[in-house]
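Written out below as structure tokens is the structure these notes cover.
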Amino acid sequence: MGIKAIKAVEPEANHGILEVDLSEWAGEGAIVRFRQPKAADIFPDGTALKALQIAYPEMNHGMLVNLSIIARCYVAEADDPGEIAPIRALADLSRSNRFAFFHLYEAFVDKFLVTNIVAEVDEAKNA
């Protein structure tokens, strides 16, 4: 079946835009938005990751990869400062307020990256 099999694959469900409310830390109306990741978003640029690892040595590689995915899915606002990359804003937030950072991080991961492991184990049985 070849190419026909690829073409026959149903599209993934669209999970829409994630809105994360940071009002608790940044004041009323502090909302950031993220789109659903695409396959290309999940494979970050190694050169960029190396530069980030130098700038943020406390972060391990896995954390930088996740930050890169989240940053690539950030939906820019009209009033965003162009000189600040979303990944640096996220990494800086992880340094300055871990509670706000993990609130945002967990919301993204829960909506877009985590599957229900318990359900998958139950479905797989002993396979």
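Residue names in the structure tokens use chain letters A, B, ... in the order shown, residue numbers from 1 in each chain, and ligand numbers from 1 in the order shown.
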Would you kindly return, as a PyMOL selection string, each protein, DNA or RNA residue with an atom no farther than 7 Å from any atom of Pro44 in chain A, considering only C-alpha atoms and excluding same-chain residues fewer than 3 positions away? chain A and resi 41+65+68
Mind writing the picked residues with C-alpha atoms as a compact mmCIF listing (two decimals), in the first residue's frame?
```txt
# COMPACT_ATOMS: atom_id res chain seq x y z
CA ASP A 41 9.13 21.58 17.05
CA VAL A 65 14.93 20.47 24.93
CA SER A 68 12.88 24.75 23.29
```
Which residues are near Arg33 in chain A? Cut-off 12 Å, only C-alpha atoms, ignore same chain within fewer than 3 positions. Put them as a PDB file with N, CA and C atoms, in the first residue's frame.
```pdb
ATOM      1  N   GLY A  16      -6.019  22.859  20.003  1.00  0.00           N
ATOM      2  CA  GLY A  16      -6.241  24.293  20.117  1.00  0.00           C
ATOM      3  C   GLY A  16      -5.095  25.048  20.775  1.00  0.00           C
ATOM      4  N   ILE A  17      -5.411  26.230  21.246  1.00  0.00           N
ATOM      5  CA  ILE A  17      -4.436  27.110  21.887  1.00  0.00           C
ATOM      6  C   ILE A  17      -4.527  26.944  23.395  1.00  0.00           C
ATOM      7  N   LEU A  18      -3.379  26.813  24.020  1.00  0.00           N
ATOM      8  CA  LEU A  18      -3.303  26.754  25.480  1.00  0.00           C
ATOM      9  C   LEU A  18      -3.105  28.167  26.006  1.00  0.00           C
ATOM     10  N   GLU A  19      -3.938  28.578  26.937  1.00  0.00           N
ATOM     11  CA  GLU A  19      -3.768  29.866  27.610  1.00  0.00           C
ATOM     12  C   GLU A  19      -3.365  29.590  29.055  1.00  0.00           C
ATOM     13  N   VAL A  20      -2.228  30.124  29.440  1.00  0.00           N
ATOM     14  CA  VAL A  20      -1.738  29.941  30.802  1.00  0.00           C
ATOM     15  C   VAL A  20      -1.858  31.272  31.526  1.00  0.00           C
ATOM     16  N   ASP A  21      -2.561  31.248  32.636  1.00  0.00           N
ATOM     17  CA  ASP A  21      -2.801  32.452  33.429  1.00  0.00           C
ATOM     18  C   ASP A  21      -1.686  32.612  34.460  1.00  0.00           C
ATOM     19  N   LEU A  22      -0.912  33.669  34.317  1.00  0.00           N
ATOM     20  CA  LEU A  22       0.172  33.975  35.257  1.00  0.00           C
ATOM     21  C   LEU A  22      -0.182  35.162  36.152  1.00  0.00           C
ATOM     22  N   ALA A  30      -2.469  38.616  33.028  1.00  0.00           N
ATOM     23  CA  ALA A  30      -1.195  38.106  32.512  1.00  0.00           C
ATOM     24  C   ALA A  30      -1.412  36.700  31.949  1.00  0.00           C
ATOM     25  N   GLN A  36      -0.305  24.094  19.644  1.00  0.00           N
ATOM     26  CA  GLN A  36       0.058  22.677  19.699  1.00  0.00           C
ATOM     27  C   GLN A  36       1.375  22.465  18.953  1.00  0.00           C
ATOM     28  N   ILE A  70       8.569  24.257  24.069  1.00  0.00           N
ATOM     29  CA  ILE A  70       7.573  25.208  24.563  1.00  0.00           C
ATOM     30  C   ILE A  70       7.764  26.568  23.899  1.00  0.00           C
ATOM     31  N   ALA A  71       9.005  27.029  23.829  1.00  0.00           N
ATOM     32  CA  ALA A  71       9.295  28.346  23.248  1.00  0.00           C
ATOM     33  C   ALA A  71       8.910  28.402  21.771  1.00  0.00           C
ATOM     34  N   ARG A  72       9.137  27.332  21.048  1.00  0.00           N
ATOM     35  CA  ARG A  72       8.789  27.324  19.616  1.00  0.00           C
ATOM     36  C   ARG A  72       7.279  27.367  19.399  1.00  0.00           C
ATOM     37  N   CYS A  73       6.529  26.988  20.421  1.00  0.00           N
ATOM     38  CA  CYS A  73       5.065  26.970  20.319  1.00  0.00           C
ATOM     39  C   CYS A  73       4.427  28.235  20.893  1.00  0.00           C
ATOM     40  N   TYR A  74       5.256  29.131  21.392  1.00  0.00           N
ATOM     41  CA  TYR A  74       4.750  30.382  21.960  1.00  0.00           C
ATOM     42  C   TYR A  74       4.051  31.193  20.869  1.00  0.00           C
ATOM     43  N   VAL A  75       2.882  31.703  21.192  1.00  0.00           N
ATOM     44  CA  VAL A  75       2.135  32.555  20.265  1.00  0.00           C
ATOM     45  C   VAL A  75       2.467  34.001  20.620  1.00  0.00           C
ATOM     46  N   ALA A  76       3.186  34.668  19.736  1.00  0.00           N
ATOM     47  CA  ALA A  76       3.667  36.022  20.003  1.00  0.00           C
ATOM     48  C   ALA A  76       2.519  37.028  20.101  1.00  0.00           C
ATOM     49  N   GLU A  77       2.713  37.994  20.982  1.00  0.00           N
ATOM     50  CA  GLU A  77       1.773  39.104  21.159  1.00  0.00           C
ATOM     51  C   GLU A  77       2.306  40.315  20.385  1.00  0.00           C
ATOM     52  N   PRO A  86      11.678  33.927  23.229  1.00  0.00           N
ATOM     53  CA  PRO A  86      10.808  33.238  24.183  1.00  0.00           C
ATOM     54  C   PRO A  86      11.542  32.210  25.044  1.00  0.00           C
ATOM     55  N   LEU A 104       3.428  27.147  34.394  1.00  0.00           N
ATOM     56  CA  LEU A 104       3.405  27.246  32.943  1.00  0.00           C
ATOM     57  C   LEU A 104       3.873  25.942  32.301  1.00  0.00           C
ATOM     58  N   ALA A 107       1.356  23.070  32.694  1.00  0.00           N
ATOM     59  CA  ALA A 107       0.168  23.279  31.861  1.00  0.00           C
ATOM     60  C   ALA A 107       0.453  22.859  30.419  1.00  0.00           C
ATOM     61  N   PHE A 108       1.616  23.234  29.905  1.00  0.00           N
ATOM     62  CA  PHE A 108       1.988  22.887  28.529  1.00  0.00           C
ATOM     63  C   PHE A 108       2.155  21.372  28.382  1.00  0.00           C
TER      64      PHE A 108
END
```
DSSP says alpha helix (DSSP H) for which residues of chain A? Put them as a ChimeraX atom specification? /A:3-8,23-26,46-55,61-72,86-96,98-108,117-124
Would you give me, as a short mmCIF file (atom, residue, chain, number, x, y, z; two decimals) with N, CA and C atoms, in the first residue's frame, the residues in chain A that DSSP reads as strand (DSSP E)?
```cif
data_model
loop_
_atom_site.label_atom_id
_atom_site.label_comp_id
_atom_site.auth_asym_id
_atom_site.auth_seq_id
_atom_site.Cartn_x
_atom_site.Cartn_y
_atom_site.Cartn_z
N LEU A 18 -3.38 26.81 24.02
CA LEU A 18 -3.30 26.75 25.48
C LEU A 18 -3.11 28.17 26.01
N GLU A 19 -3.94 28.58 26.94
CA GLU A 19 -3.77 29.87 27.61
C GLU A 19 -3.36 29.59 29.06
N VAL A 20 -2.23 30.12 29.44
CA VAL A 20 -1.74 29.94 30.80
C VAL A 20 -1.86 31.27 31.53
N ASP A 21 -2.56 31.25 32.64
CA ASP A 21 -2.80 32.45 33.43
C ASP A 21 -1.69 32.61 34.46
N ILE A 31 -1.69 36.65 30.68
CA ILE A 31 -1.96 35.39 29.98
C ILE A 31 -0.90 35.20 28.91
N VAL A 32 -0.38 33.98 28.80
CA VAL A 32 0.52 33.63 27.69
C VAL A 32 -0.13 32.48 26.93
N ARG A 33 0.10 32.45 25.63
CA ARG A 33 -0.56 31.47 24.77
C ARG A 33 0.47 30.61 24.02
N PHE A 34 0.08 29.36 23.84
CA PHE A 34 0.93 28.40 23.13
C PHE A 34 0.07 27.58 22.19
#
```
Determine, counting only C-alpha atoms, which protein, DNA and RNA residues have an atom within 12 Å of an atom of His15 in chain A; residues of the same chain fewer than 5 positions away are not included. Present the result as a PDB file with C-alpha atoms, in the first residue's frame.
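The resulting file, result28.pdb, is shown below:
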```
ATOM      1  CA  PHE A  34       0.931  28.401  23.135  1.00  0.00           C
ATOM      2  CA  ARG A  35      -0.074  26.432  20.053  1.00  0.00           C
ATOM      3  CA  GLN A  36       0.058  22.677  19.699  1.00  0.00           C
ATOM      4  CA  PRO A  37       3.572  21.456  18.823  1.00  0.00           C
ATOM      5  CA  LYS A  38       4.294  20.150  15.344  1.00  0.00           C
ATOM      6  CA  PHE A 108       1.988  22.887  28.529  1.00  0.00           C
ATOM      7  CA  ASP A 110      -0.237  18.227  30.484  1.00  0.00           C
ATOM      8  CA  LYS A 111      -2.057  19.610  27.445  1.00  0.00           C
ATOM      9  CA  PHE A 112       0.339  18.732  24.647  1.00  0.00           C
ATOM     10  CA  LEU A 113       3.045  16.249  25.609  1.00  0.00           C
TER      11      LEU A 113
END
```
Show me, as a PyMOL selection string, the residues that have an atom within 9 Å of Ala100 in chain A when counting only C-alpha atoms, minus same-chain residues fewer than 6 positions from it. chain A and resi 22+24-25+93-94
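Proximity ranking of A:Ala26, A:Ile84, A:Ile69, A:Met63 relative to Phe43 in chain A places A:Ile69 first, based on only C-alpha atoms.
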